[in-house]
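*Asks:* Sending over run.cif (mmCIF, C-alpha atoms).
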data_protein
loop_
_atom_site.label_atom_id
_atom_site.label_comp_id
_atom_site.auth_asym_id
_atom_site.auth_seq_id
_atom_site.Cartn_x
_atom_site.Cartn_y
_atom_site.Cartn_z
CA MET G 1 -6.18 27.29 7.48
CA PRO G 2 -7.31 24.36 9.70
CA HIS G 3 -4.84 22.84 12.13
CA PHE G 4 -4.65 19.54 14.00
CA ARG G 5 -1.97 18.95 16.61
CA GLY G 6 0.22 21.53 14.99
CA VAL G 7 -0.25 20.17 11.46
CA SER G 8 -1.63 22.58 8.86
CA ALA G 9 -4.17 21.24 6.40
CA VAL G 10 -3.78 22.02 2.70
CA TYR G 11 -7.09 21.63 0.89
CA GLU G 12 -5.79 23.17 -2.35
CA SER G 13 -2.28 24.12 -3.37
CA HIS G 14 -1.57 27.44 -5.12
CA ILE G 15 1.69 27.98 -7.02
CA PRO G 16 1.32 31.25 -8.97
CA GLU G 17 4.55 30.80 -10.94
CA LEU G 18 3.43 27.47 -12.46
CA PRO G 19 0.47 26.61 -14.70
CA LEU G 20 -2.05 24.34 -12.99
CA TRP G 21 -2.59 21.33 -15.25
CA PHE G 22 -5.23 19.41 -13.32
CA ARG G 23 -6.83 19.08 -9.90
CA GLY G 24 -7.69 15.48 -9.13
CA LYS G 25 -9.54 14.10 -6.15
CA VAL G 26 -6.43 14.37 -3.99
CA ARG G 27 -3.52 15.63 -6.12
CA ASP G 28 -2.86 18.94 -7.85
CA LEU G 29 -0.69 18.67 -10.97
CA TYR G 30 1.40 21.53 -12.37
CA ASP G 31 2.87 21.53 -15.87
CA LEU G 32 6.66 21.79 -16.07
CA GLY G 33 6.82 21.27 -19.80
CA ASP G 34 8.98 18.16 -19.71
CA GLY G 35 7.56 16.96 -16.42
CA LEU G 36 4.97 17.43 -13.70
CA LEU G 37 4.99 18.84 -10.19
CA ILE G 38 2.55 16.69 -8.21
CA VAL G 39 1.24 18.00 -4.90
CA ALA G 40 -0.68 15.64 -2.60
CA THR G 41 -3.25 17.74 -0.76
CA ASP G 42 -5.23 16.82 2.34
CA ARG G 43 -8.43 16.31 0.37
CA LEU G 44 -10.20 13.01 0.84
CA SER G 45 -12.74 11.36 -1.43
CA ALA G 46 -15.33 8.78 -0.45
CA PHE G 47 -17.65 7.00 -2.85
CA ASP G 48 -16.03 9.02 -5.66
CA VAL G 49 -17.01 12.36 -4.09
CA VAL G 50 -14.44 14.80 -2.68
CA LEU G 51 -15.32 15.73 0.90
CA PRO G 52 -15.25 19.36 2.06
CA THR G 53 -13.24 18.51 5.20
CA PRO G 54 -9.45 18.07 4.84
CA ILE G 55 -7.50 15.46 6.81
CA PRO G 56 -4.52 17.37 8.28
CA GLY G 57 -1.16 16.01 7.17
CA LYS G 58 -2.68 13.32 4.94
CA GLY G 59 -0.90 14.54 1.80
CA GLU G 60 2.45 14.43 3.55
CA VAL G 61 1.80 10.86 4.68
CA LEU G 62 0.77 9.78 1.17
CA THR G 63 3.89 11.34 -0.35
CA GLN G 64 6.31 9.88 2.18
CA MET G 65 4.75 6.44 1.94
CA SER G 66 4.62 6.40 -1.86
CA ASN G 67 8.25 7.53 -2.10
CA PHE G 68 9.26 4.79 0.33
CA TRP G 69 7.59 2.11 -1.77
CA PHE G 70 8.75 3.57 -5.10
CA ARG G 71 12.35 3.29 -3.86
CA ARG G 72 11.86 -0.26 -2.57
CA MET G 73 10.20 -1.46 -5.79
CA SER G 74 12.50 0.21 -8.29
CA HIS G 75 14.19 -3.15 -8.97
CA VAL G 76 10.81 -4.53 -10.15
CA ILE G 77 9.85 -1.71 -12.51
CA PRO G 78 10.88 1.94 -13.07
CA ASN G 79 8.67 4.71 -11.69
CA HIS G 80 7.86 8.29 -12.62
CA LEU G 81 9.99 10.01 -9.95
CA THR G 82 12.94 12.20 -10.95
CA ASP G 83 15.88 13.47 -8.92
CA ARG G 84 15.10 17.13 -9.63
CA SER G 85 14.85 19.33 -6.54
CA LEU G 86 11.79 21.39 -5.68
CA ALA G 87 13.94 24.54 -5.59
CA GLU G 88 14.60 24.10 -9.32
CA VAL G 89 10.94 24.62 -10.21
CA VAL G 90 9.44 26.64 -7.33
CA ARG G 91 11.44 29.77 -6.59
CA ASP G 92 9.20 31.26 -3.88
CA PRO G 93 10.52 29.94 -0.52
CA ALA G 94 7.17 30.46 1.23
CA VAL G 95 5.35 28.33 -1.35
CA ARG G 96 8.09 25.70 -1.19
CA ALA G 97 7.80 25.49 2.58
CA GLU G 98 4.09 24.71 2.34
CA ILE G 99 4.42 21.92 -0.20
CA GLU G 100 7.93 20.48 0.22
CA ARG G 101 6.85 17.38 2.19
CA ARG G 102 3.89 16.72 -0.08
CA ALA G 103 5.33 17.37 -3.56
CA VAL G 104 7.29 15.33 -6.08
CA ILE G 105 8.67 16.10 -9.54
CA ALA G 106 7.76 13.37 -11.98
CA ARG G 107 8.15 12.40 -15.60
CA LYS G 108 5.09 12.83 -17.77
CA ALA G 109 3.48 9.53 -18.68
CA LYS G 110 0.30 8.57 -20.47
CA PRO G 111 -1.83 6.63 -17.95
CA LEU G 112 -3.06 3.22 -19.01
CA LYS G 113 -6.81 2.74 -19.32
CA VAL G 114 -6.79 -0.01 -16.71
CA GLU G 115 -6.30 0.11 -12.95
CA ALA G 116 -4.18 -2.77 -11.71
CA ILE G 117 -5.65 -4.28 -8.56
CA VAL G 118 -4.10 -7.12 -6.60
CA ARG G 119 -6.01 -8.89 -3.85
CA GLY G 120 -4.51 -11.11 -1.17
CA TYR G 121 -7.64 -11.25 0.98
CA LEU G 122 -11.36 -11.39 0.28
CA ALA G 123 -12.80 -7.94 1.01
CA GLY G 124 -14.67 -4.98 -0.43
CA SER G 125 -16.12 -5.29 -3.91
CA GLY G 126 -14.23 -8.57 -4.32
CA TRP G 127 -16.18 -10.10 -1.43
CA VAL G 128 -19.44 -8.87 -2.95
CA GLU G 129 -18.60 -10.35 -6.35
CA TYR G 130 -17.42 -13.64 -4.83
CA GLN G 131 -20.71 -14.05 -2.94
CA ARG G 132 -22.61 -13.57 -6.17
CA THR G 133 -20.46 -15.57 -8.61
CA GLY G 134 -17.81 -17.53 -6.73
CA ALA G 135 -15.14 -15.60 -8.65
CA ILE G 136 -13.53 -12.15 -8.93
CA CYS G 137 -12.87 -10.72 -12.38
CA GLY G 138 -13.24 -14.19 -13.84
CA VAL G 139 -10.76 -15.74 -11.37
CA ARG G 140 -12.51 -18.77 -9.85
CA LEU G 141 -11.91 -19.09 -6.09
CA PRO G 142 -12.40 -21.97 -3.63
CA ARG G 143 -15.91 -22.47 -2.27
CA ASN G 144 -17.06 -21.45 1.21
CA LEU G 145 -14.55 -18.65 1.77
CA ARG G 146 -15.45 -16.13 4.47
CA GLU G 147 -15.23 -12.37 4.33
CA SER G 148 -11.61 -11.28 4.91
CA ASP G 149 -10.20 -14.78 4.35
CA ARG G 150 -6.67 -14.92 3.01
CA LEU G 151 -6.66 -16.15 -0.58
CA PRO G 152 -4.57 -19.20 -1.55
CA GLU G 153 -2.49 -16.90 -3.79
CA PRO G 154 -2.66 -13.17 -4.57
CA ILE G 155 -4.82 -12.54 -7.65
CA PHE G 156 -4.74 -9.84 -10.31
CA THR G 157 -8.23 -8.30 -10.63
CA PRO G 158 -8.10 -5.24 -12.91
CA SER G 159 -10.80 -2.62 -13.38
CA THR G 160 -11.66 0.06 -15.88
CA LYS G 161 -10.86 3.71 -15.16
CA ALA G 162 -14.22 5.45 -15.02
CA PRO G 163 -14.69 9.18 -15.73
CA ALA G 164 -14.99 11.50 -12.72
CA GLY G 165 -18.21 10.91 -10.81
CA GLU G 166 -18.66 7.39 -12.18
CA HIS G 167 -17.62 4.06 -10.70
CA ASP G 168 -14.86 1.77 -11.92
CA GLU G 169 -15.93 -1.65 -13.15
CA ASN G 170 -14.10 -4.92 -12.57
CA ILE G 171 -12.97 -6.61 -15.77
CA SER G 172 -11.45 -9.96 -16.70
CA TYR G 173 -7.85 -10.50 -17.75
CA ALA G 174 -9.06 -11.21 -21.29
CA GLN G 175 -10.72 -7.78 -21.35
CA THR G 176 -7.46 -6.28 -20.07
CA GLU G 177 -5.63 -7.84 -23.01
CA ASP G 178 -8.24 -6.35 -25.35
CA LEU G 179 -7.61 -2.89 -23.88
CA LEU G 180 -3.82 -3.01 -23.56
CA GLY G 181 -2.63 -5.76 -25.86
CA ALA G 182 -1.30 -9.12 -24.67
CA GLU G 183 2.31 -8.04 -24.04
CA LEU G 184 1.50 -4.90 -22.06
CA ALA G 185 -1.25 -6.65 -20.08
CA ARG G 186 1.19 -9.37 -19.09
CA ALA G 187 3.85 -6.85 -18.03
CA VAL G 188 1.32 -4.95 -15.87
CA ARG G 189 0.00 -8.15 -14.28
CA ASP G 190 3.44 -9.59 -13.53
CA ALA G 191 4.79 -6.33 -12.07
CA SER G 192 1.65 -5.83 -9.98
CA LEU G 193 1.82 -9.31 -8.46
CA ALA G 194 5.57 -9.05 -7.79
CA ILE G 195 5.12 -5.70 -6.04
CA TYR G 196 2.21 -6.93 -3.96
CA ARG G 197 4.02 -10.06 -2.80
CA GLU G 198 7.14 -8.16 -1.74
CA ALA G 199 5.21 -5.34 -0.08
CA ALA G 200 2.83 -7.71 1.71
CA ALA G 201 5.75 -9.65 3.19
CA TRP G 202 7.43 -6.44 4.40
CA ALA G 203 4.20 -5.05 5.84
CA GLU G 204 3.29 -8.28 7.62
CA SER G 205 6.69 -8.25 9.31
CA ARG G 206 5.69 -4.81 10.65
CA GLY G 207 2.24 -5.85 11.85
CA ILE G 208 0.16 -4.75 8.85
CA LEU G 209 -1.74 -6.97 6.43
CA ILE G 210 -2.22 -5.52 2.95
CA ALA G 211 -5.60 -6.92 1.97
CA ASP G 212 -5.53 -5.42 -1.53
CA THR G 213 -3.98 -2.56 -3.44
CA LYS G 214 -4.51 -0.53 -6.59
CA LEU G 215 -1.54 0.36 -8.80
CA GLU G 216 -1.37 2.87 -11.63
CA PHE G 217 0.85 2.48 -14.69
CA GLY G 218 1.71 4.77 -17.58
CA LEU G 219 3.85 4.89 -20.69
CA CYS G 220 6.68 7.39 -21.16
CA ASN G 221 8.52 7.18 -24.51
CA GLY G 222 7.37 3.59 -24.78
CA GLU G 223 8.62 2.65 -21.31
CA LEU G 224 6.19 1.20 -18.75
CA LEU G 225 6.32 3.15 -15.48
CA LEU G 226 4.66 3.02 -12.08
CA ILE G 227 2.91 6.37 -11.58
CA ASP G 228 0.59 8.28 -9.25
CA GLU G 229 0.89 6.74 -5.76
CA LEU G 230 1.96 3.36 -4.43
CA LEU G 231 0.75 1.27 -1.50
CA THR G 232 -0.81 4.05 0.55
CA PRO G 233 -3.94 4.01 2.73
CA ASP G 234 -5.74 5.76 -0.15
CA SER G 235 -4.88 3.05 -2.69
CA SER G 236 -4.75 0.00 -0.40
CA ARG G 237 -6.64 -1.74 2.37
CA PHE G 238 -4.34 -1.97 5.42
CA TRP G 239 -5.34 -4.11 8.42
CA ALA G 240 -3.67 -4.44 11.81
CA ALA G 241 -2.37 -8.02 12.02
CA GLU G 242 -3.12 -8.24 15.74
CA ASP G 243 -6.82 -7.52 15.12
CA TYR G 244 -7.25 -9.83 12.12
CA GLU G 245 -10.25 -12.14 12.44
CA PRO G 246 -11.70 -13.72 9.27
CA GLY G 247 -15.46 -13.89 8.93
CA ARG G 248 -16.11 -10.17 9.32
CA ALA G 249 -15.00 -6.79 8.04
CA GLN G 250 -11.68 -5.68 9.54
CA PRO G 251 -10.72 -2.41 11.22
CA SER G 252 -8.39 -0.61 8.82
CA PHE G 253 -5.86 2.19 8.49
CA ASP G 254 -7.53 3.51 5.35
CA LYS G 255 -10.53 5.73 4.70
CA GLN G 256 -13.00 2.93 5.42
CA PHE G 257 -13.36 4.63 8.81
CA VAL G 258 -14.77 7.69 7.01
CA ARG G 259 -16.96 5.57 4.72
CA ASP G 260 -18.44 3.85 7.76
CA TYR G 261 -19.25 7.21 9.35
CA LEU G 262 -20.88 8.49 6.15
CA ASN G 263 -22.97 5.33 5.89
CA SER G 264 -24.04 5.71 9.52
CA ILE G 265 -25.54 9.17 8.85
CA GLY G 266 -27.40 8.01 5.75
CA TRP G 267 -25.60 10.16 3.18
CA ASN G 268 -26.85 9.34 -0.33
CA ARG G 269 -23.30 9.32 -1.78
CA LYS G 270 -24.07 12.23 -4.08
CA PRO G 271 -22.58 15.75 -4.04
CA PRO G 272 -22.43 17.80 -1.99
CA ALA G 273 -20.76 15.66 0.65
CA PRO G 274 -21.29 16.54 4.32
CA GLU G 275 -18.62 18.05 6.53
CA LEU G 276 -16.84 15.57 8.78
CA PRO G 277 -16.92 16.11 12.56
CA ALA G 278 -13.57 17.18 13.99
CA GLU G 279 -13.15 13.90 15.86
CA ILE G 280 -13.66 11.84 12.68
CA ALA G 281 -11.07 13.93 10.80
CA ALA G 282 -8.63 13.68 13.70
CA GLU G 283 -9.00 9.91 14.06
CA THR G 284 -8.55 9.46 10.31
CA ALA G 285 -5.36 11.55 10.36
CA ALA G 286 -4.05 9.47 13.27
CA ARG G 287 -4.73 6.21 11.40
CA TYR G 288 -2.82 7.43 8.33
CA ARG G 289 0.16 8.43 10.47
CA GLU G 290 0.15 5.16 12.39
CA ALA G 291 0.35 3.20 9.13
CA LEU G 292 3.33 5.31 8.04
CA VAL G 293 5.19 4.73 11.31
CA ARG G 294 4.40 1.01 11.50
CA LEU G 295 5.69 0.43 8.00
CA GLY G 296 8.91 2.30 8.76
CA ALA G 297 8.18 4.60 5.84
CA GLY G 298 8.58 7.94 7.61
CA ALA G 299 8.76 9.81 10.87
#
Take the structure I supplied and represent it as structure tokens, if you would.
*Replies:*
Amino acid sequence: MPHFRGVSAVYESHIPELPLWFRGKVRDLYDLGDGLLIVATDRLSAFDVVLPTPIPGKGEVLTQMSNFWFRRMSHVIPNHLTDRSLAEVVRDPAVRAEIERRAVIARKAKPLKVEAIVRGYLAGSGWVEYQRTGAICGVRLPRNLRESDRLPEPIFTPSTKAPAGEHDENISYAQTEDLLGAELARAVRDASLAIYREAAAWAESRGILIADTKLEFGLCNGELLLIDELLTPDSSRFWAAEDYEPGRAQPSFDKQFVRDYLNSIGWNRKPPAPELPAEIAAETAARYREALVRLGAGA
């Protein structure tokens, strides 16, 4: 098993006593009947392709950071976490030791067909769409904005959830209402914006700008829940406040560092993905950990 600075990398989890329900790009899900055991591995995807090189400790960072934000945002909306202990569902102590800092026990929820994206700054696909249309997801923005400019107000810019191997597509709020219904669309939008505003204020006080973030919601017995992960470097664009300079792309704590490397070697963004050099994997791991420490979300 690969190591980096004493941290073991977990590319895939294996829990023989539990049925594997699904392996996603990053998370392995095990069926508990009335719930799920979710294990965040050290896999990393770029351009919707899972890379063969793990990022040591990444799954632990994602889990600690998500749990931190889930706790802080529980007054806004309930989430899928339960208070069940890992020892209740995984009896083998050796298996528990490998996954305990990267696993959570969650309620089962049916994911919504829409990804909730909130943008506070003009970056990524939003910047591309703004250059072409002057708007993002039908939200008209002021003229002459620069790349990475702070928006006058955070905006809700949802997207579809594409099948594996395909790309999500930005949609308008009207299309979101068509998919979810007016009441549910409004609840998702309002919760997403409230979470972003509170998180962005906290992060900025710790030297991090949250340019944008993707939230996942699901329904459990008719109740709307936050699910999956929350405000991590995998689901958000984190920038160092001290390096912020509008008019260009910003250095980030997320996997943009890996995307930039893959673009530099001319990869065609189709499987199989190339192995990452050790120094790229190590720098990526360090960026994830720095974000965790800066935010005060873990050790």
*Asks:* Which residues are near Ala191 in chain G? Cut-off 8 Å, all atoms listed in the file, ignore same chain within fewer than 3 positions. Put them as a PDB file with C-alpha atoms, keeping the file's coordinate frame.
*Replies:*
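Result file follows (out32.pdb):
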ATOM      1  CA  VAL G  76      10.810  -4.530 -10.150  1.00  0.00           C
ATOM      2  CA  ILE G  77       9.850  -1.710 -12.510  1.00  0.00           C
ATOM      3  CA  ALA G 187       3.850  -6.850 -18.030  1.00  0.00           C
ATOM      4  CA  VAL G 188       1.320  -4.950 -15.870  1.00  0.00           C
ATOM      5  CA  ALA G 194       5.570  -9.050  -7.790  1.00  0.00           C
ATOM      6  CA  ILE G 195       5.120  -5.700  -6.040  1.00  0.00           C
TER       7      ILE G 195
END
*Asks:* What do you get, as JSON, numbers by chain, if you spell out every residue that the PyMOL selection byres ((chain G and resi 175-178) around 10) selects here?
*Replies:* {"G": [113, 114, 115, 116, 137, 157, 158, 159, 160, 170, 171, 172, 173, 174, 179, 180, 181, 182, 183, 184, 185, 186, 188, 189]}
*Asks:* Applied to this file, what does the PyMOL selection byres ((chain G and resi 55) around 12) return in terms of residues, put as a VMD selection string?
*Replies:* chain G and resid 1 to 5 7 to 11 26 40 to 45 50 to 54 56 to 62 255 258 275 to 289
*Asks:* One decimal, in Å: what's the spacing between CA of Ala199 in chain G and CA of Leu215 in chain G?
*Replies:* 12.4 Å
*Asks:* Between CA of Ala103 in chain G and CA of Arg119 in chain G, measure the distance and give it in Å to one decimal.
*Replies:*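 Spanning CA of Ala103 in chain G to CA of Arg119 in chain G is a straight-line distance of 28.6 Å.
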*Asks:* Could you please determine the separation between CA of Tyr121 in chain G and CA of Met73 in chain G in Å, to one decimal place?
*Replies:*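 Computing the Euclidean distance for CA of Tyr121 in chain G and CA of Met73 in chain G yields 21.4 Å.
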*Asks:* Taking only C-alpha atoms into account, which of G:Leu141, G:Ala46, G:Ile15, G:Ala291 comes nearest Phe257 in chain G?
*Replies:*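 Nearest to Phe257 in chain G: G:Ala46.
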*Asks:* Which residues are close to range 80-96 of chain G, i.e. within 7 Å by all atoms listed in the file, leaving aside same-chain residues fewer than 2 positions away? Reply as a PyMOL selection string.
*Replies:* chain G and resi 15+98-100+105-107+225-227
*Asks:* Run the PyMOL selection byres ((chain G and resi 142) around 12) mentally over the shown coordinates, then write out the matched residues as a list in words, using the chain letters and numbers from the document.
*Replies:*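 Evaluating the PyMOL selection byres ((chain G and resi 142) around 12) on these coordinates yields Leu122, Tyr130, Gln131, Thr133, Gly134, Ala135, Ile136, Val139, Arg140, Leu141, Arg143, Asn144, Leu145, Arg146, Asp149, Arg150, Leu151, Pro152 and Glu153 of chain G.
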*Asks:* List the neighbours of Pro111 in chain G out to 8 Å using all atoms listed in the file; skip same-chain residues closer than 3 positions along the sequence, and give me the result as an MDAnalysis selection string.
*Replies:* chainID G and resid 216:219 227
*Asks:* At most 10 Å from (5.5, -6.7, 10.4), file frame, all atoms listed in the file: which residues, as a ChimeraX atom specification?
*Replies:* /G:200-209,240-241,294-296
*Asks:* Write range 264-281 of chain G as a PDB file, in the frame of the given file, completed to N, CA, C and O atoms.
*Replies:*
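Produced file part.pdb, reproduced below:
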ATOM      1  N   SER G 264     -23.256   5.675   8.270  1.00  0.00           N
ATOM      2  CA  SER G 264     -24.040   5.710   9.520  1.00  0.00           C
ATOM      3  C   SER G 264     -24.986   6.906   9.571  1.00  0.00           C
ATOM      4  O   SER G 264     -26.001   6.857  10.271  1.00  0.00           O
ATOM      5  N   ILE G 265     -24.656   7.984   8.826  1.00  0.00           N
ATOM      6  CA  ILE G 265     -25.540   9.170   8.850  1.00  0.00           C
ATOM      7  C   ILE G 265     -26.497   9.185   7.667  1.00  0.00           C
ATOM      8  O   ILE G 265     -27.269  10.134   7.503  1.00  0.00           O
ATOM      9  N   GLY G 266     -26.437   8.132   6.839  1.00  0.00           N
ATOM     10  CA  GLY G 266     -27.400   8.010   5.750  1.00  0.00           C
ATOM     11  C   GLY G 266     -27.156   8.906   4.566  1.00  0.00           C
ATOM     12  O   GLY G 266     -28.087   9.196   3.802  1.00  0.00           O
ATOM     13  N   TRP G 267     -25.893   9.325   4.355  1.00  0.00           N
ATOM     14  CA  TRP G 267     -25.600  10.160   3.180  1.00  0.00           C
ATOM     15  C   TRP G 267     -25.882   9.359   1.908  1.00  0.00           C
ATOM     16  O   TRP G 267     -25.573   8.173   1.815  1.00  0.00           O
ATOM     17  N   ASN G 268     -26.444  10.030   0.906  1.00  0.00           N
ATOM     18  CA  ASN G 268     -26.850   9.340  -0.330  1.00  0.00           C
ATOM     19  C   ASN G 268     -25.722   9.160  -1.331  1.00  0.00           C
ATOM     20  O   ASN G 268     -25.957   8.708  -2.455  1.00  0.00           O
ATOM     21  N   ARG G 269     -24.492   9.509  -0.951  1.00  0.00           N
ATOM     22  CA  ARG G 269     -23.300   9.320  -1.780  1.00  0.00           C
ATOM     23  C   ARG G 269     -23.301  10.208  -3.027  1.00  0.00           C
ATOM     24  O   ARG G 269     -22.616   9.901  -4.002  1.00  0.00           O
ATOM     25  N   LYS G 270     -24.044  11.281  -2.966  1.00  0.00           N
ATOM     26  CA  LYS G 270     -24.070  12.230  -4.080  1.00  0.00           C
ATOM     27  C   LYS G 270     -23.633  13.601  -3.584  1.00  0.00           C
ATOM     28  O   LYS G 270     -23.862  13.951  -2.432  1.00  0.00           O
ATOM     29  N   PRO G 271     -22.977  14.405  -4.460  1.00  0.00           N
ATOM     30  CA  PRO G 271     -22.580  15.750  -4.040  1.00  0.00           C
ATOM     31  C   PRO G 271     -23.809  16.579  -3.691  1.00  0.00           C
ATOM     32  O   PRO G 271     -24.880  16.358  -4.276  1.00  0.00           O
ATOM     33  N   PRO G 272     -23.650  17.523  -2.756  1.00  0.00           N
ATOM     34  CA  PRO G 272     -22.430  17.800  -1.990  1.00  0.00           C
ATOM     35  C   PRO G 272     -22.279  16.842  -0.815  1.00  0.00           C
ATOM     36  O   PRO G 272     -23.271  16.429  -0.213  1.00  0.00           O
ATOM     37  N   ALA G 273     -21.038  16.523  -0.492  1.00  0.00           N
ATOM     38  CA  ALA G 273     -20.760  15.660   0.650  1.00  0.00           C
ATOM     39  C   ALA G 273     -20.858  16.464   1.942  1.00  0.00           C
ATOM     40  O   ALA G 273     -20.605  17.676   1.948  1.00  0.00           O
ATOM     41  N   PRO G 274     -21.205  15.831   3.041  1.00  0.00           N
ATOM     42  CA  PRO G 274     -21.290  16.540   4.320  1.00  0.00           C
ATOM     43  C   PRO G 274     -19.915  16.807   4.915  1.00  0.00           C
ATOM     44  O   PRO G 274     -18.943  16.109   4.607  1.00  0.00           O
ATOM     45  N   GLU G 275     -19.830  17.805   5.758  1.00  0.00           N
ATOM     46  CA  GLU G 275     -18.620  18.050   6.530  1.00  0.00           C
ATOM     47  C   GLU G 275     -18.405  16.896   7.512  1.00  0.00           C
ATOM     48  O   GLU G 275     -19.360  16.307   8.018  1.00  0.00           O
ATOM     49  N   LEU G 276     -17.148  16.583   7.776  1.00  0.00           N
ATOM     50  CA  LEU G 276     -16.840  15.570   8.780  1.00  0.00           C
ATOM     51  C   LEU G 276     -16.692  16.223  10.145  1.00  0.00           C
ATOM     52  O   LEU G 276     -16.098  17.306  10.264  1.00  0.00           O
ATOM     53  N   PRO G 277     -17.186  15.598  11.208  1.00  0.00           N
ATOM     54  CA  PRO G 277     -16.920  16.110  12.560  1.00  0.00           C
ATOM     55  C   PRO G 277     -15.416  16.126  12.838  1.00  0.00           C
ATOM     56  O   PRO G 277     -14.663  15.315  12.293  1.00  0.00           O
ATOM     57  N   ALA G 278     -14.996  17.040  13.692  1.00  0.00           N
ATOM     58  CA  ALA G 278     -13.570  17.180  13.990  1.00  0.00           C
ATOM     59  C   ALA G 278     -12.960  15.885  14.488  1.00  0.00           C
ATOM     60  O   ALA G 278     -11.824  15.538  14.135  1.00  0.00           O
ATOM     61  N   GLU G 279     -13.714  15.130  15.306  1.00  0.00           N
ATOM     62  CA  GLU G 279     -13.150  13.900  15.860  1.00  0.00           C
ATOM     63  C   GLU G 279     -12.961  12.816  14.785  1.00  0.00           C
ATOM     64  O   GLU G 279     -12.024  12.017  14.860  1.00  0.00           O
ATOM     65  N   ILE G 280     -13.809  12.807  13.770  1.00  0.00           N
ATOM     66  CA  ILE G 280     -13.660  11.840  12.680  1.00  0.00           C
ATOM     67  C   ILE G 280     -12.423  12.191  11.841  1.00  0.00           C
ATOM     68  O   ILE G 280     -11.618  11.327  11.485  1.00  0.00           O
ATOM     69  N   ALA G 281     -12.245  13.497  11.547  1.00  0.00           N
ATOM     70  CA  ALA G 281     -11.070  13.930  10.800  1.00  0.00           C
ATOM     71  C   ALA G 281      -9.790  13.645  11.570  1.00  0.00           C
ATOM     72  O   ALA G 281      -8.783  13.186  11.002  1.00  0.00           O
TER      73      ALA G 281
END
